[in-house]
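Chemist: What follows is model.cif, made up of mmCIF, C-alpha atoms (C1' of nucleotides):
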```cif
data_final
loop_
_atom_site.label_atom_id
_atom_site.label_comp_id
_atom_site.auth_asym_id
_atom_site.auth_seq_id
_atom_site.Cartn_x
_atom_site.Cartn_y
_atom_site.Cartn_z
CA MET A 1 18.94 -1.13 183.16
CA SER A 2 17.98 -3.13 180.16
CA ARG A 3 20.81 -5.24 178.91
CA LYS A 4 20.66 -3.84 175.46
CA THR A 5 22.19 -0.64 176.72
CA MET A 6 25.36 -2.54 177.45
CA VAL A 7 26.19 -3.40 173.88
CA ARG A 8 29.01 -1.74 172.11
CA PRO A 9 27.27 0.77 169.96
CA GLY A 10 28.71 0.28 166.53
CA GLY A 11 29.70 -3.27 166.02
CA ARG A 12 28.77 -6.86 165.98
CA SER A 13 26.67 -6.75 169.12
CA ALA A 14 24.49 -4.08 167.61
CA ARG A 15 24.01 -6.15 164.50
CA VAL A 16 23.08 -9.19 166.53
CA GLN A 17 20.62 -7.22 168.59
CA ALA A 18 19.01 -5.75 165.52
CA SER A 19 18.69 -9.08 163.80
CA VAL A 20 17.27 -10.74 166.90
CA HIS A 21 14.70 -8.00 167.36
CA ALA A 22 13.80 -8.20 163.70
CA ALA A 23 13.46 -11.96 163.95
CA VAL A 24 11.07 -11.60 166.88
CA ARG A 25 8.88 -9.23 164.93
CA GLU A 26 8.81 -11.31 161.81
CA LEU A 27 8.03 -14.49 163.68
CA GLU A 28 5.41 -12.82 165.83
CA ALA A 29 3.65 -11.93 162.62
CA GLU A 30 4.22 -15.28 160.97
CA VAL A 31 3.65 -17.90 163.62
CA GLY A 32 2.09 -15.89 166.43
CA ARG A 33 3.32 -14.96 169.83
CA GLU A 34 2.44 -18.28 171.42
CA ALA A 35 4.64 -20.28 169.12
CA LEU A 36 7.77 -18.21 169.68
CA THR A 37 10.71 -20.01 171.20
CA VAL A 38 14.27 -18.97 171.75
CA PRO A 39 15.73 -21.54 169.35
CA LEU A 40 13.25 -20.48 166.70
CA VAL A 41 14.13 -16.83 167.04
CA ALA A 42 17.81 -17.66 167.09
CA ALA A 43 17.58 -19.65 163.88
CA ARG A 44 15.78 -16.84 162.10
CA ALA A 45 18.23 -14.28 163.36
CA GLY A 46 21.19 -16.38 162.25
CA VAL A 47 22.51 -16.64 165.76
CA THR A 48 23.00 -19.46 168.24
CA PRO A 49 20.45 -19.85 171.02
CA SER A 50 23.08 -19.46 173.67
CA THR A 51 23.69 -15.93 172.46
CA ILE A 52 20.12 -15.03 173.24
CA TYR A 53 20.13 -16.78 176.57
CA ARG A 54 23.27 -14.98 177.57
CA ARG A 55 22.18 -11.55 176.47
CA TRP A 56 18.55 -11.58 177.44
CA GLY A 57 18.27 -14.37 179.97
CA ASP A 58 15.03 -15.75 178.65
CA LEU A 59 12.31 -15.26 176.11
CA GLN A 60 10.27 -13.01 178.35
CA GLU A 61 13.01 -10.46 178.78
CA LEU A 62 13.58 -10.41 175.06
CA LEU A 63 9.89 -9.96 174.34
CA SER A 64 9.79 -7.23 176.94
CA ASP A 65 12.53 -5.33 175.15
CA VAL A 66 10.82 -5.69 171.81
CA ALA A 67 7.45 -4.71 173.26
CA VAL A 68 8.81 -1.47 174.67
CA GLU A 69 10.20 -0.59 171.28
CA ARG A 70 6.81 -1.08 169.74
CA LEU A 71 5.11 1.04 172.38
CA ARG A 72 7.30 4.03 171.57
CA PRO A 73 5.06 6.74 170.12
CA GLU A 74 5.71 7.42 166.48
CA ALA A 75 4.63 11.02 166.19
CA ALA A 76 4.12 14.07 168.36
CA PRO A 77 0.50 14.53 169.46
CA GLU A 78 -1.60 16.48 167.02
CA ASP A 79 -2.48 20.12 167.70
CA LYS A 80 -6.26 20.46 167.88
CA GLY A 81 -6.34 24.00 169.14
CA SER A 82 -7.06 23.62 172.83
CA LEU A 83 -5.83 21.68 175.81
CA ARG A 84 -9.03 19.83 176.14
CA SER A 85 -9.24 18.72 172.57
CA ASP A 86 -5.53 17.89 172.40
CA LEU A 87 -5.84 15.66 175.44
CA GLU A 88 -8.98 14.05 174.18
CA ALA A 89 -7.47 13.28 170.83
CA TRP A 90 -4.29 11.93 172.32
CA ALA A 91 -6.07 9.84 174.91
CA GLU A 92 -8.50 8.40 172.42
CA GLN A 93 -5.67 7.30 170.20
CA PHE A 94 -3.77 5.92 173.17
CA LEU A 95 -6.77 3.90 174.23
CA GLU A 96 -7.34 2.63 170.74
CA GLU A 97 -3.79 1.40 170.42
CA MET A 98 -3.44 0.01 173.89
CA SER A 99 -6.75 -1.69 174.31
CA ALA A 100 -6.53 -3.64 171.07
CA PRO A 101 -5.48 -7.24 171.68
CA THR A 102 -2.01 -6.68 170.28
CA GLY A 103 -1.58 -3.52 172.34
CA ARG A 104 -2.57 -5.30 175.51
CA ALA A 105 -0.17 -8.09 174.67
CA TYR A 106 2.69 -5.63 174.28
CA ILE A 107 1.92 -3.99 177.58
CA ARG A 108 1.84 -7.31 179.31
CA ASP A 109 5.07 -8.38 177.68
CA ALA A 110 6.71 -5.14 178.69
CA LEU A 111 5.65 -5.62 182.29
CA LEU A 112 6.44 -9.25 182.35
CA GLY A 113 10.07 -9.74 181.53
CA ASP A 114 11.09 -6.81 183.59
CA PRO A 115 12.18 -7.66 187.10
CA ASN A 116 13.52 -4.21 187.93
CA GLY A 117 10.83 -2.17 186.23
CA THR A 118 13.01 -0.39 183.68
CA ASN A 119 10.92 -1.25 180.68
CA ALA A 120 7.65 -0.44 182.38
CA GLY A 121 9.15 2.86 183.46
CA GLN A 122 10.01 3.56 179.85
CA CYS A 123 6.38 3.10 178.79
CA SER A 124 5.27 5.57 181.35
CA ALA A 125 8.01 7.97 180.28
CA TYR A 126 6.75 7.84 176.71
CA ALA A 127 3.28 8.86 177.84
CA ALA A 128 4.72 11.60 180.04
CA GLU A 129 6.68 13.01 177.11
CA GLN A 130 3.64 13.20 174.91
CA ILE A 131 1.62 14.86 177.62
CA ASP A 132 4.40 17.29 178.26
CA VAL A 133 4.25 18.44 174.66
CA ILE A 134 0.51 18.97 174.94
CA LEU A 135 0.81 20.90 178.18
CA ASP A 136 3.58 23.11 176.85
CA ARG A 137 1.48 23.97 173.88
CA ALA A 138 -1.46 24.80 176.14
CA ALA A 139 0.74 26.98 178.35
CA GLY A 140 1.85 28.81 175.21
CA ARG A 141 -1.82 29.59 174.56
CA GLU A 142 -2.13 30.99 178.07
CA GLU A 143 -4.49 28.23 179.10
CA ASN A 144 -3.99 27.15 182.66
CA THR A 145 -2.71 23.66 182.78
CA PRO A 146 -2.46 20.85 185.29
CA ASP A 147 0.95 19.29 185.74
CA VAL A 148 2.08 16.10 184.07
CA GLU A 149 1.71 13.97 187.18
CA THR A 150 -1.89 15.00 187.53
CA VAL A 151 -2.66 14.08 183.96
CA LEU A 152 -1.04 10.73 184.52
CA ASP A 153 -3.19 10.15 187.58
CA ARG A 154 -6.43 11.38 186.12
CA VAL A 155 -6.29 10.23 182.52
CA VAL A 156 -3.55 7.73 181.82
CA ALA A 157 -3.81 5.67 185.00
CA PRO A 158 -7.53 5.01 184.74
CA MET A 159 -7.18 3.94 181.12
CA MET A 160 -4.31 1.62 181.90
CA TYR A 161 -5.99 0.18 184.93
CA ARG A 162 -9.07 -0.68 182.96
CA ILE A 163 -7.15 -2.02 180.01
CA LEU A 164 -5.28 -4.39 182.27
CA PHE A 165 -7.87 -5.27 184.89
CA ARG A 166 -11.36 -4.68 183.52
CA PRO A 167 -11.47 -4.35 179.77
CA GLU A 168 -15.26 -4.02 179.56
CA GLY A 169 -17.00 -0.81 178.67
CA LEU A 170 -13.92 1.03 177.55
CA ASP A 171 -14.63 3.54 174.83
CA ALA A 172 -14.04 7.05 173.58
CA ALA A 173 -16.87 8.41 175.71
CA TYR A 174 -15.17 7.13 178.84
CA VAL A 175 -11.93 8.79 177.84
CA ARG A 176 -13.64 12.10 177.13
CA GLN A 177 -15.26 11.96 180.52
CA LEU A 178 -11.84 11.54 182.13
CA VAL A 179 -10.46 14.52 180.27
CA VAL A 180 -13.44 16.73 180.98
CA GLY A 181 -13.31 15.76 184.63
CA LEU A 182 -9.77 17.05 184.70
CA VAL A 183 -9.75 20.20 182.57
CA GLY A 184 -13.46 21.06 182.45
CA SER A 185 -15.58 21.48 179.35
CA ASN A 186 -15.73 25.30 179.28
CA ASP A 187 -13.07 26.23 176.72
CA ARG A 188 -12.67 24.63 173.31
CA MET B 1 -12.66 -19.18 183.66
CA SER B 2 -9.79 -20.41 185.71
CA ARG B 3 -9.33 -24.13 185.45
CA LYS B 4 -9.46 -24.68 189.13
CA THR B 5 -13.16 -24.11 189.01
CA MET B 6 -13.51 -27.27 186.98
CA VAL B 7 -12.34 -29.67 189.66
CA ARG B 8 -14.70 -31.96 191.42
CA PRO B 9 -15.24 -30.26 194.68
CA GLY B 10 -14.79 -32.93 197.28
CA GLY B 11 -12.26 -35.44 196.23
CA ARG B 12 -8.86 -36.20 194.97
CA SER B 13 -8.71 -33.30 192.57
CA ALA B 14 -9.32 -30.89 195.38
CA ARG B 15 -6.57 -32.46 197.44
CA VAL B 16 -4.18 -32.26 194.54
CA GLN B 17 -5.02 -28.65 193.96
CA ALA B 18 -4.54 -27.78 197.58
CA SER B 19 -1.23 -29.54 197.84
CA VAL B 20 0.03 -27.96 194.63
CA HIS B 21 -0.93 -24.51 195.81
CA ALA B 22 0.68 -25.16 199.16
CA ALA B 23 3.81 -26.39 197.46
CA VAL B 24 4.04 -23.22 195.40
CA ARG B 25 3.80 -21.09 198.51
CA GLU B 26 6.34 -23.05 200.46
CA LEU B 27 8.82 -23.10 197.63
CA GLU B 28 8.30 -19.44 196.87
CA ALA B 29 9.37 -18.76 200.41
CA GLU B 30 12.21 -21.26 200.43
CA VAL B 31 13.95 -20.97 197.08
CA GLY B 32 12.43 -17.79 195.70
CA ARG B 33 10.13 -17.16 192.83
CA GLU B 34 12.86 -17.27 190.22
CA ALA B 35 13.87 -20.80 191.04
CA LEU B 36 10.40 -22.27 190.80
CA THR B 37 9.87 -24.91 188.15
CA VAL B 38 6.99 -27.23 187.49
CA PRO B 39 8.95 -30.39 188.32
CA LEU B 40 10.09 -28.85 191.58
CA VAL B 41 6.58 -27.90 192.60
CA ALA B 42 5.30 -31.30 191.54
CA ALA B 43 7.88 -33.12 193.63
CA ARG B 44 7.04 -31.06 196.69
CA ALA B 45 3.33 -31.54 196.18
CA GLY B 46 3.74 -35.28 195.78
CA VAL B 47 2.32 -35.22 192.30
CA THR B 48 3.69 -35.93 188.86
CA PRO B 49 4.64 -33.00 186.67
CA SER B 50 2.24 -34.04 183.98
CA THR B 51 -0.65 -33.49 186.36
CA ILE B 52 0.33 -29.86 186.68
CA TYR B 53 0.86 -29.41 182.99
CA ARG B 54 -2.54 -30.86 182.26
CA ARG B 55 -4.44 -28.89 184.85
CA TRP B 56 -2.72 -25.54 184.58
CA GLY B 57 -0.95 -25.60 181.26
CA ASP B 58 2.23 -24.00 182.48
CA LEU B 59 3.96 -22.45 185.42
CA GLN B 60 2.63 -18.99 184.72
CA GLU B 61 -0.98 -19.99 184.86
CA LEU B 62 -0.37 -21.81 188.10
CA LEU B 63 1.41 -18.83 189.59
CA SER B 64 -1.39 -16.62 188.39
CA ASP B 65 -3.93 -18.72 190.26
CA VAL B 66 -1.89 -18.70 193.42
CA ALA B 67 -1.26 -14.98 193.15
CA VAL B 68 -4.95 -14.18 192.92
CA GLU B 69 -5.56 -16.21 196.05
CA ARG B 70 -2.98 -14.21 197.89
CA LEU B 71 -4.42 -10.94 196.69
CA ARG B 72 -7.83 -11.73 198.14
CA PRO B 73 -8.43 -9.32 201.01
CA GLU B 74 -8.47 -11.00 204.38
CA ALA B 75 -10.75 -8.70 206.30
CA ALA B 76 -13.42 -6.07 205.71
CA PRO B 77 -12.02 -2.55 205.71
CA GLU B 78 -11.82 -0.98 209.13
CA ASP B 79 -14.38 1.60 210.20
CA LYS B 80 -12.58 4.84 211.01
CA GLY B 81 -15.67 6.99 211.36
CA SER B 82 -15.78 8.90 208.07
CA LEU B 83 -15.64 8.24 204.38
CA ARG B 84 -12.44 10.13 204.03
CA SER B 85 -10.61 8.35 206.80
CA ASP B 86 -11.99 4.95 205.80
CA LEU B 87 -10.76 5.43 202.26
CA GLU B 88 -7.42 6.72 203.41
CA ALA B 89 -6.88 3.82 205.75
CA TRP B 90 -7.93 1.27 203.18
CA ALA B 91 -5.86 2.82 200.41
CA GLU B 92 -2.78 3.12 202.56
CA GLN B 93 -2.96 -0.51 203.47
CA PHE B 94 -3.60 -1.45 199.86
CA LEU B 95 -0.56 0.49 198.77
CA GLU B 96 1.57 -1.03 201.45
CA GLU B 97 0.67 -4.56 200.44
CA MET B 98 0.79 -4.02 196.73
CA SER B 99 3.88 -1.90 196.39
CA ALA B 100 6.14 -4.22 198.35
CA PRO B 101 8.28 -6.32 196.04
CA THR B 102 6.29 -9.44 196.76
CA GLY B 103 3.01 -7.60 196.20
CA ARG B 104 4.18 -6.31 192.84
CA ALA B 105 5.27 -9.80 191.93
CA TYR B 106 1.83 -11.17 192.73
CA ILE B 107 0.14 -8.55 190.64
CA ARG B 108 2.41 -9.28 187.75
CA ASP B 109 1.88 -13.00 188.11
CA ALA B 110 -1.86 -12.50 188.23
CA LEU B 111 -1.75 -10.45 185.03
CA LEU B 112 0.62 -12.76 183.34
CA GLY B 113 -0.70 -16.24 183.15
CA ASP B 114 -4.07 -14.96 182.28
CA PRO B 115 -4.80 -14.84 178.59
CA ASN B 116 -8.51 -14.09 178.97
CA GLY B 117 -8.24 -11.66 181.84
CA THR B 118 -10.24 -13.59 184.41
CA ASN B 119 -7.69 -13.41 187.16
CA ALA B 120 -6.95 -9.76 186.63
CA GLY B 121 -10.66 -9.08 186.69
CA GLN B 122 -10.86 -10.88 190.00
CA CYS B 123 -8.25 -8.57 191.53
CA SER B 124 -10.22 -5.56 190.49
CA ALA B 125 -13.40 -7.14 191.81
CA TYR B 126 -11.78 -7.60 195.22
CA ALA B 127 -10.94 -3.92 195.37
CA ALA B 128 -14.43 -2.98 194.21
CA GLU B 129 -15.99 -5.10 196.96
CA GLN B 130 -13.95 -3.44 199.65
CA ILE B 131 -14.74 0.00 198.35
CA ASP B 132 -18.38 -0.90 198.17
CA VAL B 133 -18.40 -1.71 201.86
CA ILE B 134 -16.81 1.61 202.65
CA LEU B 135 -19.25 3.54 200.49
CA ASP B 136 -22.27 1.78 201.96
CA ARG B 137 -21.10 2.64 205.41
CA ALA B 138 -20.64 6.26 204.39
CA ALA B 139 -24.10 6.37 202.82
CA GLY B 140 -25.46 5.04 206.13
CA ARG B 141 -23.88 8.04 207.84
CA GLU B 142 -25.63 10.33 205.37
CA GLU B 143 -22.34 11.41 203.83
CA ASN B 144 -22.55 11.98 200.13
CA THR B 145 -20.53 9.44 198.30
CA PRO B 146 -19.00 9.02 194.88
CA ASP B 147 -19.77 5.80 193.10
CA VAL B 148 -17.46 2.79 193.02
CA GLU B 149 -16.28 3.39 189.48
CA THR B 150 -15.18 6.86 190.38
CA VAL B 151 -13.19 5.63 193.35
CA LEU B 152 -11.55 3.05 191.13
CA ASP B 153 -10.60 5.76 188.64
CA ARG B 154 -9.42 8.31 191.15
CA VAL B 155 -7.77 6.24 193.86
CA VAL B 156 -7.15 2.64 192.85
CA ALA B 157 -6.09 3.20 189.27
CA PRO B 158 -3.42 5.80 190.05
CA MET B 159 -1.95 3.58 192.76
CA MET B 160 -1.88 0.57 190.49
CA TYR B 161 -0.47 2.51 187.60
CA ARG B 162 2.37 3.80 189.69
CA ILE B 163 3.04 0.48 191.32
CA LEU B 164 3.39 -1.15 187.95
CA PHE B 165 4.93 1.60 185.85
CA ARG B 166 6.68 4.12 188.07
CA PRO B 167 7.38 2.85 191.53
CA GLU B 168 9.28 5.95 192.69
CA GLY B 169 7.85 8.40 195.17
CA LEU B 170 4.94 6.26 196.19
CA ASP B 171 3.96 6.82 199.79
CA ALA B 172 1.12 7.43 202.22
CA ALA B 173 1.13 11.16 201.50
CA TYR B 174 0.49 10.48 197.84
CA VAL B 175 -2.41 8.23 198.68
CA ARG B 176 -3.94 10.79 201.02
CA GLN B 177 -3.70 13.37 198.31
CA LEU B 178 -5.63 11.10 195.97
CA VAL B 179 -8.36 10.58 198.52
CA VAL B 180 -8.61 14.23 199.44
CA GLY B 181 -8.72 15.16 195.79
CA LEU B 182 -11.77 12.94 195.48
CA VAL B 183 -13.81 13.47 198.64
CA GLY B 184 -12.37 16.76 199.92
CA SER B 185 -10.83 17.42 203.30
CA ASN B 186 -13.76 19.25 204.90
CA ASP B 187 -15.36 16.59 207.09
CA ARG B 188 -13.62 14.75 209.98
"C1'" DC C 1 -22.66 -52.64 193.47
"C1'" DA C 2 -21.39 -52.02 188.99
"C1'" DC C 3 -20.59 -48.27 185.55
"C1'" DT C 4 -18.98 -43.93 183.62
"C1'" DT C 5 -15.85 -40.61 183.37
"C1'" DG C 6 -12.72 -37.06 184.51
"C1'" DA C 7 -8.39 -36.73 186.53
"C1'" DA C 8 -3.82 -38.71 188.02
"C1'" DG C 9 0.31 -41.63 187.30
"C1'" DC C 10 3.97 -43.38 184.46
"C1'" DA C 11 7.33 -43.60 180.93
"C1'" DG C 12 9.60 -42.14 177.10
"C1'" DC C 13 10.41 -38.69 173.50
"C1'" DA C 14 11.17 -34.02 171.83
"C1'" DT C 15 12.67 -29.39 173.01
"C1'" DA C 16 14.57 -26.04 175.47
"C1'" DT C 17 18.13 -24.38 178.68
"C1'" DT C 18 22.55 -24.25 180.73
"C1'" DT C 19 27.51 -24.38 180.76
"C1'" DG C 20 32.65 -24.71 179.76
"C1'" DC C 21 35.60 -23.77 176.36
"C1'" DT C 22 37.04 -21.74 172.01
"C1'" DT C 23 36.95 -18.15 168.60
"C1'" DT C 24 35.87 -13.64 166.79
"C1'" DA C 25 36.15 -8.78 166.30
"C1'" DA C 26 35.66 -3.88 168.56
"C1'" DG C 27 38.10 -0.47 170.57
"C1'" DG C 28 42.12 1.10 172.69
"C1'" DT C 29 47.49 1.68 172.94
"C1'" DG C 30 52.17 2.37 171.88
"C1'" DC D 1 49.36 0.30 161.78
"C1'" DA D 2 50.29 -3.88 164.31
"C1'" DC D 3 49.32 -5.48 168.78
"C1'" DC D 4 46.67 -6.12 173.08
"C1'" DT D 5 42.58 -6.63 175.84
"C1'" DT D 6 38.20 -7.95 176.49
"C1'" DA D 7 33.24 -8.39 175.69
"C1'" DA D 8 30.43 -11.00 173.26
"C1'" DA D 9 29.43 -14.87 169.92
"C1'" DG D 10 29.86 -19.70 168.46
"C1'" DC D 11 29.95 -24.56 169.40
"C1'" DA D 12 28.82 -28.81 171.52
"C1'" DA D 13 27.75 -31.74 175.25
"C1'" DA D 14 25.13 -32.38 179.39
"C1'" DT D 15 20.72 -31.43 181.80
"C1'" DA D 16 16.41 -30.21 182.66
"C1'" DT D 17 11.96 -29.14 181.19
"C1'" DG D 18 7.60 -29.93 178.69
"C1'" DC D 19 4.63 -32.87 176.24
"C1'" DT D 20 1.93 -37.02 174.95
"C1'" DG D 21 -0.13 -41.73 174.61
"C1'" DC D 22 -1.56 -45.06 177.37
"C1'" DT D 23 -2.82 -47.10 181.83
"C1'" DT D 24 -4.82 -46.85 186.41
"C1'" DC D 25 -7.58 -44.86 190.00
"C1'" DA D 26 -11.55 -43.21 192.48
"C1'" DA D 27 -15.71 -39.83 192.80
"C1'" DG D 28 -20.19 -39.49 191.54
"C1'" DT D 29 -24.42 -41.89 189.33
"C1'" DG D 30 -28.20 -45.00 188.67
#
```
Write out the structure in this file as structure tokens.

Modeler:
Amino acid sequence: MSRKTMVRPGGRSARVQASVHAAVRELEAEVGREALTVPLVAARAGVTPSTIYRRWGDLQELLSDVAVERLRPEAAPEDKGSLRSDLEAWAEQFLEEMSAPTGRAYIRDALLGDPNGTNAGQCSAYAAEQIDVILDRAAGREENTPDVETVLDRVVAPMMYRILFRPEGLDAAYVRQLVVGLVGSNDR
Amino acid sequence: MSRKTMVRPGGRSARVQASVHAAVRELEAEVGREALTVPLVAARAGVTPSTIYRRWGDLQELLSDVAVERLRPEAAPEDKGSLRSDLEAWAEQFLEEMSAPTGRAYIRDALLGDPNGTNAGQCSAYAAEQIDVILDRAAGREENTPDVETVLDRVVAPMMYRILFRPEGLDAAYVRQLVVGLVGSNDR
DNA sequence: CACTTGAAGCAGCATATTTGCTTTAAGGTG
DNA sequence: CACCTTAAAGCAAATATGCTGCTTCAAGTG
């Protein structure tokens, strides 16, 4: 479990966590990810470095926490009228966000400082939630729908794999092909 | 391009590289991955720390290099008599190696110290090579075969995604289901 | 057999990390 | 509401790590 879940919800710890996270974001924007150091973040957050070392262990775990926050989807997937078009739209947006350099960096950060896999699991859970919404909507329209795991295997996994391991030739057409391969191109 | 490719092939540099890599492996086994530091590796390798910093930049890039080496397949995939069984056997072994804690660690290391994606690309290339062998063999038997990209999407990507993002419920049955979903269960 | 040149060694400086101890304040208790 | 208890934060000193300029070595070249 990520250490941030251990903080006492209302008090000083929460303030410290918020200001540290904010400091990471500001400094990422200002000086770039490469130049981040624990002492630098601590100074900006108005906190001593040892606080960060004790709560997060090291810079990677902290960045991992922040990265997961940034990967949280901001809105429910748009309703385009059919399963196929909903999935296509969602997947295209997903690809766009994740394959951009900053998106890739967040994914890597999330994976990196995450010995037990909690943060990575959270990323996957976010995607599953979004897909779940899309599938529910499709079921409401009496379309027949694959289950979430299948969508993860057939659409999300290939995108992620290619983002991480072979970033060439990754575009909207590829994504559409994945979706069509799964749900067919008949309806719409 | 990984820096190791820049060394002069026959001489001192090559010896240094070999002894540094060996040191990483020994120490990984002895003290564990967490406890590795550049000075420690340097001491074991009989080299000064600055040599490592100059050649690899930092510990992550070094670990990434070593990890890719370890992820190189050791043998051609076994011939089990049919496309389906070849793929199943290969994929099961792949899963076994990659989903073990040490396998996951290598994958993460390979992804990590790899700003430009070369090492990650290499991992994917290894898998593609192995699959290519299997597909050629199947084509020789007059089976009809999907192309490599499709196998990557339908078999490798889902395994990798789950290894990295949702390690629960990952077993041989899951892998077989992926393979059957791709090539069918008719033959054999 | 020089010569060139990329890589390694060395040493010292600057930063980052760790750690023991002290202090603060959140949340619970009588 | 005053008083405990206890995580977590602050502080400061000790250590370890990482970086850099300069020197030395030896592989490849003519």

Chemist: Using all atoms listed in the file, which residue out of B:Val16, B:Leu111, B:Ala22, B:Ala35 lies closest to Thr51 in chain B?

Modeler: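 Between B:Val16, B:Leu111, B:Ala22, B:Ala35, the residue approaching Thr51 in chain B most closely is B:Val16.
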
Chemist: Show me which bits of chain A are within 12 Å of chain C, counting all atoms listed in the file, as a compact mmCIF listing (two decimals) with C-alpha atoms, in the coordinates of the input.

Modeler:
```
# COMPACT_ATOMS: atom_id res chain seq x y z
CA VAL A 7 26.19 -3.40 173.88
CA ARG A 8 29.01 -1.74 172.11
CA PRO A 9 27.27 0.77 169.96
CA GLY A 10 28.71 0.28 166.53
CA GLY A 11 29.70 -3.27 166.02
CA ARG A 12 28.77 -6.86 165.98
CA SER A 13 26.67 -6.75 169.12
CA ALA A 14 24.49 -4.08 167.61
CA LEU A 36 7.77 -18.21 169.68
CA THR A 37 10.71 -20.01 171.20
CA VAL A 38 14.27 -18.97 171.75
CA PRO A 39 15.73 -21.54 169.35
CA LEU A 40 13.25 -20.48 166.70
CA PRO A 49 20.45 -19.85 171.02
CA SER A 50 23.08 -19.46 173.67
CA THR A 51 23.69 -15.93 172.46
CA ILE A 52 20.12 -15.03 173.24
CA TYR A 53 20.13 -16.78 176.57
CA ARG A 54 23.27 -14.98 177.57
CA GLY A 57 18.27 -14.37 179.97
CA ASP A 58 15.03 -15.75 178.65
CA LEU A 59 12.31 -15.26 176.11
```

Chemist: With a cut-off of 6 Å and counting only C-alpha atoms, select all residues of chain B in contact with chain A and give the selection as number ranges by chain.

Modeler: B: 120-121, 153, 157-158, 161, 165-166

Chemist: Translate the PyMOL selection byres ((chain D) within 8 of (chain A)) into a concrete residue list for this structure, as a ChimeraX atom specification.

Modeler: /D:8-10

Chemist: Using all atoms listed in the file, determine which residues lie at most 12 Å from Glu28 in chain A, disregarding the query and same-chain residues fewer than 2 positions distant; provide the list as a list in words.

Modeler: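 Here the answer would be His21, Ala22, Ala23, Val24, Arg25, Glu26, Glu30, Val31, Gly32, Arg33, Glu34, Ala35, Leu36, Thr37, Leu40, Val41, Arg44, Leu63, Val66, Ala67, Thr102, Ala105 and Tyr106 of chain A.
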
Chemist: Hey, can I get the axis-aligned box for range 7-26 of chain D? All listed atoms, 5 Å padding on each side, centre and edge lengths in Å to one decimal, as lines of an AutoDock Vina configuration file.

Modeler:
```
center_x = 10.8
center_y = -27.7
center_z = 180.5
size_x = 54.8
size_y = 48.7
size_z = 34.0
```

Chemist: Restricting the calculation to all atoms listed in the file, which member of A:Ser64, A:Ala29, A:Glu149, A:Val175 is positioned closest to Gln93 in chain A?

Modeler: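 Between A:Ser64, A:Ala29, A:Glu149, A:Val175, the residue approaching Gln93 in chain A most closely is A:Val175.
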
Chemist: Quick one: residues within 12 Å of Gly140 in chain B, all atoms listed in the file counted, chain neighbours fewer than 5 positions away excluded, as a ChimeraX atom specification?

Modeler: /B:81-83,133-135,145

Chemist: Please, what distance in Å, to one decimal, runs between CA of Gly181 in chain A and CA of Asp136 in chain A?

Modeler: 20.0 Å

Chemist: To one decimal place, how far is CA of Ser185 in chain A from CA of Leu87 in chain A in Å?

Modeler: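 Separation of CA of Ser185 in chain A and CA of Leu87 in chain A: 12.0 Å.
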
Chemist: One decimal, in Å: what's the spacing between CA of Asp171 in chain A and CA of Tyr126 in chain A?

Modeler: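 These two atoms are separated by 21.9 Å.
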